[in-house]
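Shown next: query-v3.tsv, given as TSV, C-alpha atoms.
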chain	number	residue	atom	x	y	z
A	202	GLY	CA	12.33	-1.19	9.91
A	203	GLN	CA	11.18	1.03	7.08
A	204	GLN	CA	13.60	0.70	4.17
A	205	VAL	CA	11.92	3.38	2.11
A	206	MET	CA	11.99	6.69	3.92
A	207	GLN	CA	9.36	9.27	3.04
A	208	ILE	CA	9.26	12.91	4.10
A	209	PRO	CA	7.61	14.99	5.30
A	210	GLN	CA	5.26	12.98	7.47
A	211	TYR	CA	2.68	15.71	7.39
A	212	GLN	CA	2.08	18.91	5.44
A	213	HIS	CA	-0.61	21.51	5.74
A	214	VAL	CA	-0.80	23.97	2.83
A	215	GLN	CA	-2.99	26.84	1.74
A	216	GLU	CA	-5.08	26.07	-1.33
A	217	GLY	CA	-3.12	27.14	-4.39
A	218	GLU	CA	0.29	26.45	-2.85
A	219	ASP	CA	2.56	23.74	-4.14
A	220	PHE	CA	3.33	20.48	-2.34
A	221	THR	CA	6.19	18.00	-2.61
A	222	THR	CA	6.83	14.66	-0.95
A	223	TYR	CA	10.11	12.78	-1.20
A	224	CYS	CA	11.08	9.13	-0.99
A	225	ASN	CA	14.50	7.67	-0.46
A	226	SER	CA	15.49	4.02	-0.58
A	227	SER	CA	18.57	2.42	0.95
A	228	THR	CA	18.84	0.10	-2.05
A	229	THR	CA	18.44	0.44	-5.80
A	230	LEU	CA	14.87	-0.10	-6.92
A	231	SER	CA	13.43	-1.90	-9.91
A	232	ASN	CA	10.65	0.64	-10.05
A	233	ILE	CA	8.77	3.05	-7.82
A	234	GLN	CA	5.03	3.43	-7.51
A	235	TRP	CA	2.89	6.18	-6.02
A	236	TYR	CA	-0.47	5.78	-4.33
A	237	LYS	CA	-3.07	8.13	-2.90
A	238	GLN	CA	-5.33	7.28	0.01
A	239	ARG	CA	-8.27	9.55	0.68
A	240	PRO	CA	-9.39	9.86	4.32
A	241	GLY	CA	-11.33	6.72	5.22
A	242	GLY	CA	-10.46	5.04	1.93
A	243	HIS	CA	-8.01	2.56	0.55
A	244	PRO	CA	-4.78	3.32	-1.36
A	245	VAL	CA	-5.27	3.87	-5.07
A	246	PHE	CA	-2.49	3.49	-7.61
A	247	LEU	CA	-1.40	6.72	-9.29
A	248	ILE	CA	1.65	5.92	-11.37
A	249	GLN	CA	4.73	3.78	-11.82
A	250	LEU	CA	8.23	4.95	-12.79
A	251	VAL	CA	10.71	2.47	-14.16
A	252	LYS	CA	13.57	4.24	-15.90
A	253	SER	CA	16.46	6.09	-14.32
A	254	GLY	CA	15.77	9.86	-14.39
A	255	GLU	CA	12.20	9.35	-15.56
A	256	VAL	CA	9.71	12.21	-15.20
A	257	LYS	CA	5.97	11.75	-15.67
A	258	LYS	CA	3.12	14.20	-15.38
A	259	GLN	CA	-0.56	13.78	-14.61
A	260	LYS	CA	-2.25	17.18	-14.85
A	261	ARG	CA	-0.94	19.08	-11.79
A	262	LEU	CA	1.09	16.11	-10.49
A	263	THR	CA	4.74	15.61	-11.49
A	264	PHE	CA	6.60	12.43	-10.57
A	265	GLN	CA	10.35	11.95	-10.77
A	266	PHE	CA	12.62	8.93	-10.38
A	267	GLY	CA	16.23	9.61	-9.49
A	268	GLU	CA	19.19	8.81	-11.69
A	269	ALA	CA	20.42	6.18	-9.24
A	270	LYS	CA	16.91	4.69	-8.93
A	271	LYS	CA	17.03	5.19	-5.18
A	272	ASN	CA	14.87	8.27	-4.74
A	273	SER	CA	11.68	9.76	-6.07
A	274	SER	CA	9.43	12.76	-5.61
A	275	LEU	CA	5.83	13.75	-6.18
A	276	HIS	CA	5.10	17.43	-6.75
A	277	ILE	CA	1.61	18.90	-6.86
A	278	THR	CA	1.25	22.35	-8.38
A	279	ALA	CA	-1.42	24.68	-7.05
A	280	THR	CA	-3.05	22.30	-4.60
A	281	GLN	CA	-6.81	21.97	-4.43
A	282	THR	CA	-9.03	20.66	-1.65
A	283	THR	CA	-9.54	17.50	-3.68
A	284	ASP	CA	-5.83	16.73	-3.24
A	285	VAL	CA	-6.19	16.00	0.48
A	286	GLY	CA	-5.15	12.54	1.58
A	287	THR	CA	-2.09	10.47	2.25
A	288	TYR	CA	0.45	9.93	-0.51
A	289	PHE	CA	2.56	6.80	-0.41
A	290	CYS	CA	5.55	5.80	-2.43
A	291	ALA	CA	6.32	2.12	-2.83
A	292	GLY	CA	9.61	0.77	-4.07
A	293	LEU	CA	9.81	-2.52	-5.90
A	294	ARG	CA	13.10	-4.13	-4.99
A	295	TYR	CA	14.82	-6.62	-7.22
A	296	GLY	CA	13.35	-9.95	-6.14
A	297	ASN	CA	9.83	-8.56	-6.43
A	298	LYS	CA	9.43	-7.24	-2.90
A	299	LEU	CA	7.35	-4.07	-2.66
A	300	VAL	CA	8.14	-1.78	0.29
A	301	PHE	CA	5.96	1.20	1.14
A	302	GLY	CA	7.08	4.47	2.63
A	303	ALA	CA	5.29	5.71	5.75
A	304	GLY	CA	3.29	8.21	3.69
A	305	THR	CA	2.82	11.97	3.68
A	306	ILE	CA	-0.47	13.33	4.95
A	307	LEU	CA	-1.56	16.37	2.97
A	308	ARG	CA	-4.12	18.82	4.31
A	309	VAL	CA	-5.28	21.77	2.23
A	310	LYS	CA	-6.77	24.92	3.76
A	311	SER	CA	-9.31	26.67	1.57
B	8	GLU	CA	-16.47	-4.96	-12.49
B	9	ALA	CA	-12.91	-5.64	-11.34
B	10	GLN	CA	-12.78	-5.73	-7.59
B	11	VAL	CA	-11.09	-6.93	-4.44
B	12	THR	CA	-13.41	-7.78	-1.58
B	13	GLN	CA	-12.61	-8.23	2.09
B	14	ASN	CA	-14.75	-9.57	4.90
B	15	PRO	CA	-15.51	-8.57	7.49
B	16	ARG	CA	-15.03	-4.82	7.13
B	17	TYR	CA	-15.08	-4.27	10.88
B	18	LEU	CA	-14.35	-6.70	13.67
B	19	ILE	CA	-14.02	-6.37	17.42
B	20	THR	CA	-12.75	-9.49	19.14
B	21	VAL	CA	-11.03	-10.65	22.29
B	22	THR	CA	-7.50	-11.82	22.87
B	23	GLY	CA	-6.91	-15.42	21.83
B	24	LYS	CA	-10.05	-15.98	19.78
B	25	LYS	CA	-9.04	-17.26	16.36
B	26	LEU	CA	-10.27	-15.26	13.41
B	27	THR	CA	-10.03	-15.22	9.63
B	28	VAL	CA	-10.26	-12.24	7.32
B	29	THR	CA	-11.17	-13.23	3.80
B	30	CYS	CA	-9.90	-11.64	0.59
B	31	SER	CA	-11.20	-12.42	-2.86
B	32	GLN	CA	-10.38	-10.98	-6.29
B	33	ASN	CA	-11.90	-11.39	-9.73
B	34	MET	CA	-9.02	-9.97	-11.77
B	35	ASN	CA	-7.15	-13.25	-12.25
B	36	HIS	CA	-4.02	-11.76	-10.67
B	37	GLU	CA	-1.25	-14.09	-9.65
B	38	TYR	CA	0.09	-11.84	-6.89
B	39	MET	CA	-1.82	-11.21	-3.66
B	40	SER	CA	-0.67	-9.56	-0.47
B	41	TRP	CA	-1.74	-8.53	3.00
B	42	TYR	CA	-0.76	-5.24	4.64
B	43	ARG	CA	-1.42	-3.64	7.95
B	44	GLN	CA	-1.65	0.11	8.31
B	45	ASP	CA	-0.80	1.85	11.55
B	46	PRO	CA	-0.46	5.62	12.16
B	47	GLY	CA	3.00	6.86	11.33
B	48	LEU	CA	4.15	3.49	10.00
B	49	GLY	CA	2.48	3.41	6.62
B	50	LEU	CA	1.66	0.10	5.00
B	51	ARG	CA	3.67	-2.87	6.19
B	52	GLN	CA	3.51	-6.14	4.34
B	53	ILE	CA	2.48	-9.18	6.35
B	54	TYR	CA	2.53	-11.98	3.76
B	55	TYR	CA	2.37	-12.22	0.02
B	56	SER	CA	1.70	-14.91	-2.55
B	57	MET	CA	3.12	-15.13	-6.04
B	58	ASN	CA	0.64	-17.83	-7.09
B	59	VAL	CA	-1.42	-20.77	-5.83
B	60	GLU	CA	0.39	-22.66	-3.06
B	61	VAL	CA	3.25	-20.13	-3.11
B	62	THR	CA	3.40	-17.81	-0.10
B	63	ASP	CA	6.19	-15.87	1.57
B	64	LYS	CA	6.72	-13.69	4.58
B	65	GLY	CA	6.63	-9.94	4.35
B	66	ASP	CA	8.10	-7.56	6.90
B	67	VAL	CA	5.75	-8.27	9.83
B	68	PRO	CA	4.56	-11.91	9.60
B	69	GLU	CA	4.63	-12.80	13.31
B	70	GLY	CA	1.22	-13.84	14.63
B	71	TYR	CA	-0.32	-14.31	11.19
B	72	LYS	CA	-0.89	-17.19	8.79
B	73	VAL	CA	-2.07	-17.27	5.19
B	74	SER	CA	-3.02	-19.83	2.62
B	75	ARG	CA	-3.47	-19.73	-1.15
B	76	LYS	CA	-5.42	-22.77	-2.25
B	77	GLU	CA	-7.22	-20.98	-5.07
B	78	LYS	CA	-6.03	-18.14	-7.25
B	79	ARG	CA	-8.87	-15.81	-6.30
B	80	ASN	CA	-8.74	-16.20	-2.49
B	81	PHE	CA	-6.07	-15.28	0.05
B	82	PRO	CA	-7.37	-15.46	3.62
B	83	LEU	CA	-5.47	-13.98	6.56
B	84	ILE	CA	-5.62	-16.04	9.74
B	85	LEU	CA	-4.91	-14.84	13.27
B	86	GLU	CA	-4.65	-18.01	15.36
B	87	SER	CA	-4.43	-16.19	18.69
B	88	PRO	CA	-5.02	-12.46	18.26
B	89	SER	CA	-3.39	-10.02	20.66
B	90	PRO	CA	-4.07	-6.31	21.25
B	91	ASN	CA	-0.96	-5.31	19.27
B	92	GLN	CA	-2.68	-6.71	16.19
B	93	THR	CA	-5.32	-4.02	16.42
B	94	SER	CA	-4.94	-2.32	13.07
B	95	LEU	CA	-6.38	-1.56	9.66
B	96	TYR	CA	-5.75	-4.46	7.28
B	97	PHE	CA	-5.67	-4.27	3.50
B	98	CYS	CA	-5.59	-7.06	0.98
B	99	ALA	CA	-4.11	-6.23	-2.41
B	100	THR	CA	-3.68	-7.99	-5.73
B	101	ALA	CA	-1.39	-7.25	-8.64
B	102	PRO	CA	-0.41	-8.59	-12.03
B	103	THR	CA	3.16	-9.84	-11.93
B	104	TYR	CA	4.23	-7.82	-14.97
B	105	THR	CA	3.81	-4.49	-13.13
B	106	TYR	CA	3.09	-5.23	-9.43
B	107	GLU	CA	0.63	-2.32	-9.51
B	108	GLN	CA	-1.41	-2.98	-6.37
B	109	TYR	CA	-5.22	-3.04	-6.34
B	110	PHE	CA	-6.39	-2.70	-2.77
B	111	GLY	CA	-9.49	-4.01	-1.09
B	112	PRO	CA	-11.63	-1.69	1.06
B	113	GLY	CA	-9.89	-2.62	4.30
B	114	THR	CA	-10.78	-4.43	7.52
B	115	ARG	CA	-10.60	-2.56	10.78
B	116	LEU	CA	-9.73	-5.01	13.53
B	117	THR	CA	-9.82	-4.28	17.25
B	118	VAL	CA	-8.50	-6.86	19.70
B	119	THR	CA	-9.37	-6.21	23.34

Hey, can you dump this file as structure tokens for me?
Amino acid sequence: GQQVMQIPQYQHVQEGEDFTTYCNSSTTLSNIQWYKQRPGGHPVFLIQLVKSGEVKKQKRLTFQFGEAKKNSSLHITATQTTDVGTYFCAGLRYGNKLVFGAGTILRVKS
Amino acid sequence: EAQVTQNPRYLITVTGKKLTVTCSQNMNHEYMSWYRQDPGLGLRQIYYSMNVEVTDKGDVPEGYKVSRKEKRNFPLILESPSPNQTSLYFCATAPTYTYEQYFGPGTRLTVT
């Protein structure tokens, strides 16, 4: 079964509201990656976090990697309609196995 | 232009009729992988390859075969497709120093 749990499965927000998706792994990860998939498209790499407690920002997106390297979050400030899509986390386990979360579908009402 | 190509993009077939989905990359990546995407289940890895002639099972390998005879190509073979293999399939490549995945455009397969 899924060894990287991602919540929520679905979120519908008003444009301008914030959005957060969370990932939790049952095992310690070598790194965690985040991807975005637009409707009808393929997943596109956003960012990779490697260090314990790492925080990275890309404009309105903030990514965090937990101290224990088992959990991560993606936060979008003031969502826009261009943010719609499915956001996936993917944990790289030691031994080079990448496991994806089930994804969070984000819909934005304008 | 760096790219990952998959063919065909869409395929409707019948149970038991062998098929191959091709994947090709021009980025000289060692790592290649196949995923299937189903609603609510995210991306599940079928097989992956660390280099030529080196392949390994992912989380859902049953009913699939792969081969890696050349670095650029990683075909996915369904010897006897069944309806539960109806899905959206993605090929991905990655450099082994980051494992950042570059995905192909996807192949939507329907098995009736």

Please identify all polymer residues lying at most 12 Å from the point (-5.2, -13.9, 12.1) (file coordinates), using only C-alpha atoms, and present the result as a count of residues only.
-> 39

Find the residues with any atom within 9 Å of (6.9, 4.5, 3.6); use all atoms listed in the file and the coordinates as given in the file, and write the answer as a list in words.
->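 Checked against the point, the hits come out as Gln203, Gln204, Val205, Met206, Gln207, Ile208, Cys224, Phe289, Cys290, Ala291, Gly292, Val300, Phe301, Gly302, Ala303, Gly304 and Thr305 of chain A; Gly47, Leu48, Gly49, Leu50 and Arg51 of chain B.
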
If you measure from atom CA of Ser31 of chain B to atom CA of Cys98 of chain B, what distance in Å do you get, rounded to one decimal?
-> 8.7 Å

Which residues, written as a ChimeraX atom specification, have at least one atom at most 10 Å from Ala279 of chain A, with only C-alpha atoms counted and residues fewer than 2 positions away on the same chain left out?
-> /A:214-220,261-262,276-277,281,284

Which residues, written as a PyMOL selection string, have at least one atom at most 8 Å from Ala99 of chain B, with only C-alpha atoms counted and residues fewer than 6 positions away on the same chain left out?
-> chain B and resi 11+39-42+108-111

Between B:Ile19, B:Asn14, B:Tyr38, B:Glu107, which has the minimum distance to Thr119 of chain B (counting only C-alpha atoms)?
-> B:Ile19

Atomic separation - atom CA of His213 of chain A relative to atom CA of Ser273 of chain A, Å =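 It comes out at 20.7 Å.
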
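Between chain A and the residues B:Met57, B:Glu77, B:Ala9, B:Tyr17, the shortest atom-to-atom distance, using only C-alpha atoms, involves B:Met57.
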
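Closest approach to chain A among B:Gln10, B:Val59, B:Asn80, B:Asp66: B:Asp66, based on all atoms listed in the file.
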
Distance criterion (all atoms listed in the file): nearest to chain A out of B:Glu60, B:Asp45, B:Gln32, B:Lys76 =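 Closest residue, counting all atoms listed in the file: B:Asp45.
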
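For the choices A:Gly267, A:Gly286, A:Pro244, A:Pro209, the atom-to-atom distance to chain B is smallest for A:Pro244 when using all atoms listed in the file.
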
Point out the residue among A:Asn232, A:Ser274, A:Thr280, A:Gln265 with the least atom-to-atom distance to chain B, counting all atoms listed in the file.
->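 Nearest to chain B: A:Asn232.
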
Kindly reconstruct segment 68-79 of chain B with all heavy atoms and present the result as a short mmCIF file (atom, residue, chain, number, x, y, z; two decimals), in the frame of the given file.
data_model
loop_
_atom_site.label_atom_id
_atom_site.label_comp_id
_atom_site.auth_asym_id
_atom_site.auth_seq_id
_atom_site.Cartn_x
_atom_site.Cartn_y
_atom_site.Cartn_z
N PRO B 68 5.39 -10.72 9.68
CA PRO B 68 4.56 -11.91 9.60
C PRO B 68 4.17 -12.54 10.94
O PRO B 68 3.28 -13.39 11.00
CB PRO B 68 5.44 -12.88 8.82
CG PRO B 68 6.83 -12.49 9.23
CD PRO B 68 6.79 -10.98 9.42
N GLU B 69 4.83 -12.13 12.03
CA GLU B 69 4.63 -12.80 13.31
C GLU B 69 3.18 -12.68 13.77
O GLU B 69 2.63 -11.59 13.83
CB GLU B 69 5.57 -12.21 14.38
CG GLU B 69 7.04 -12.43 14.13
CD GLU B 69 7.60 -11.48 13.08
OE1 GLU B 69 6.97 -10.43 12.80
OE2 GLU B 69 8.66 -11.80 12.51
N GLY B 70 2.59 -13.82 14.13
CA GLY B 70 1.22 -13.84 14.63
C GLY B 70 0.17 -14.02 13.56
O GLY B 70 -1.03 -14.04 13.86
N TYR B 71 0.60 -14.17 12.31
CA TYR B 71 -0.32 -14.31 11.19
C TYR B 71 -0.01 -15.58 10.40
O TYR B 71 1.11 -16.06 10.37
CB TYR B 71 -0.23 -13.12 10.24
CG TYR B 71 -0.44 -11.78 10.88
CD1 TYR B 71 0.65 -11.03 11.33
CD2 TYR B 71 -1.71 -11.25 11.03
CE1 TYR B 71 0.48 -9.79 11.92
CE2 TYR B 71 -1.90 -10.01 11.61
CZ TYR B 71 -0.79 -9.29 12.06
OH TYR B 71 -0.98 -8.06 12.64
N LYS B 72 -1.06 -16.10 9.75
CA LYS B 72 -0.89 -17.19 8.79
C LYS B 72 -1.71 -16.85 7.55
O LYS B 72 -2.69 -16.11 7.63
CB LYS B 72 -1.39 -18.52 9.37
CG LYS B 72 -0.48 -19.16 10.37
CD LYS B 72 -1.11 -20.40 10.97
CE LYS B 72 -1.55 -21.42 9.96
NZ LYS B 72 -2.09 -22.66 10.59
N VAL B 73 -1.31 -17.43 6.43
CA VAL B 73 -2.07 -17.27 5.19
C VAL B 73 -2.11 -18.60 4.48
O VAL B 73 -1.36 -19.52 4.79
CB VAL B 73 -1.45 -16.20 4.25
CG1 VAL B 73 -1.55 -14.81 4.84
CG2 VAL B 73 -0.01 -16.56 3.91
N SER B 74 -3.00 -18.69 3.52
CA SER B 74 -3.02 -19.83 2.62
C SER B 74 -3.47 -19.36 1.25
O SER B 74 -4.18 -18.36 1.13
CB SER B 74 -3.94 -20.93 3.15
OG SER B 74 -5.29 -20.52 3.07
N ARG B 75 -3.06 -20.08 0.23
CA ARG B 75 -3.47 -19.73 -1.15
C ARG B 75 -3.78 -21.04 -1.87
O ARG B 75 -2.97 -21.60 -2.60
CB ARG B 75 -2.35 -18.97 -1.85
CG ARG B 75 -2.75 -18.43 -3.22
CD ARG B 75 -3.28 -17.05 -3.15
NE ARG B 75 -3.72 -16.54 -4.44
CZ ARG B 75 -2.95 -15.90 -5.31
NH1 ARG B 75 -1.65 -15.75 -5.05
NH2 ARG B 75 -3.44 -15.45 -6.44
N LYS B 76 -4.99 -21.51 -1.64
CA LYS B 76 -5.42 -22.77 -2.25
C LYS B 76 -6.08 -22.55 -3.61
O LYS B 76 -6.15 -23.45 -4.45
CB LYS B 76 -6.36 -23.52 -1.32
CG LYS B 76 -5.71 -23.92 0.00
CD LYS B 76 -6.58 -24.85 0.79
CE LYS B 76 -6.07 -25.17 2.17
NZ LYS B 76 -4.63 -25.19 2.33
N GLU B 77 -6.60 -21.35 -3.80
CA GLU B 77 -7.22 -20.98 -5.07
C GLU B 77 -6.63 -19.64 -5.48
O GLU B 77 -6.26 -18.84 -4.63
CB GLU B 77 -8.73 -20.82 -4.94
CG GLU B 77 -9.45 -21.98 -4.34
CD GLU B 77 -10.87 -21.54 -3.97
OE1 GLU B 77 -11.05 -20.95 -2.89
OE2 GLU B 77 -11.78 -21.77 -4.79
N LYS B 78 -6.63 -19.38 -6.77
CA LYS B 78 -6.03 -18.14 -7.25
C LYS B 78 -6.78 -16.91 -6.75
O LYS B 78 -6.17 -15.88 -6.47
CB LYS B 78 -6.03 -18.15 -8.79
CG LYS B 78 -5.13 -17.11 -9.42
CD LYS B 78 -5.06 -17.32 -10.91
CE LYS B 78 -4.01 -16.42 -11.52
NZ LYS B 78 -3.88 -16.64 -12.98
N ARG B 79 -8.09 -16.99 -6.62
CA ARG B 79 -8.87 -15.81 -6.30
C ARG B 79 -8.91 -15.48 -4.81
O ARG B 79 -9.29 -14.39 -4.43
CB ARG B 79 -10.28 -15.95 -6.84
CG ARG B 79 -11.08 -17.10 -6.24
CD ARG B 79 -12.45 -17.19 -6.88
NE ARG B 79 -13.28 -16.08 -6.45
CZ ARG B 79 -13.89 -15.24 -7.31
NH1 ARG B 79 -13.76 -15.39 -8.60
NH2 ARG B 79 -14.63 -14.26 -6.85
#
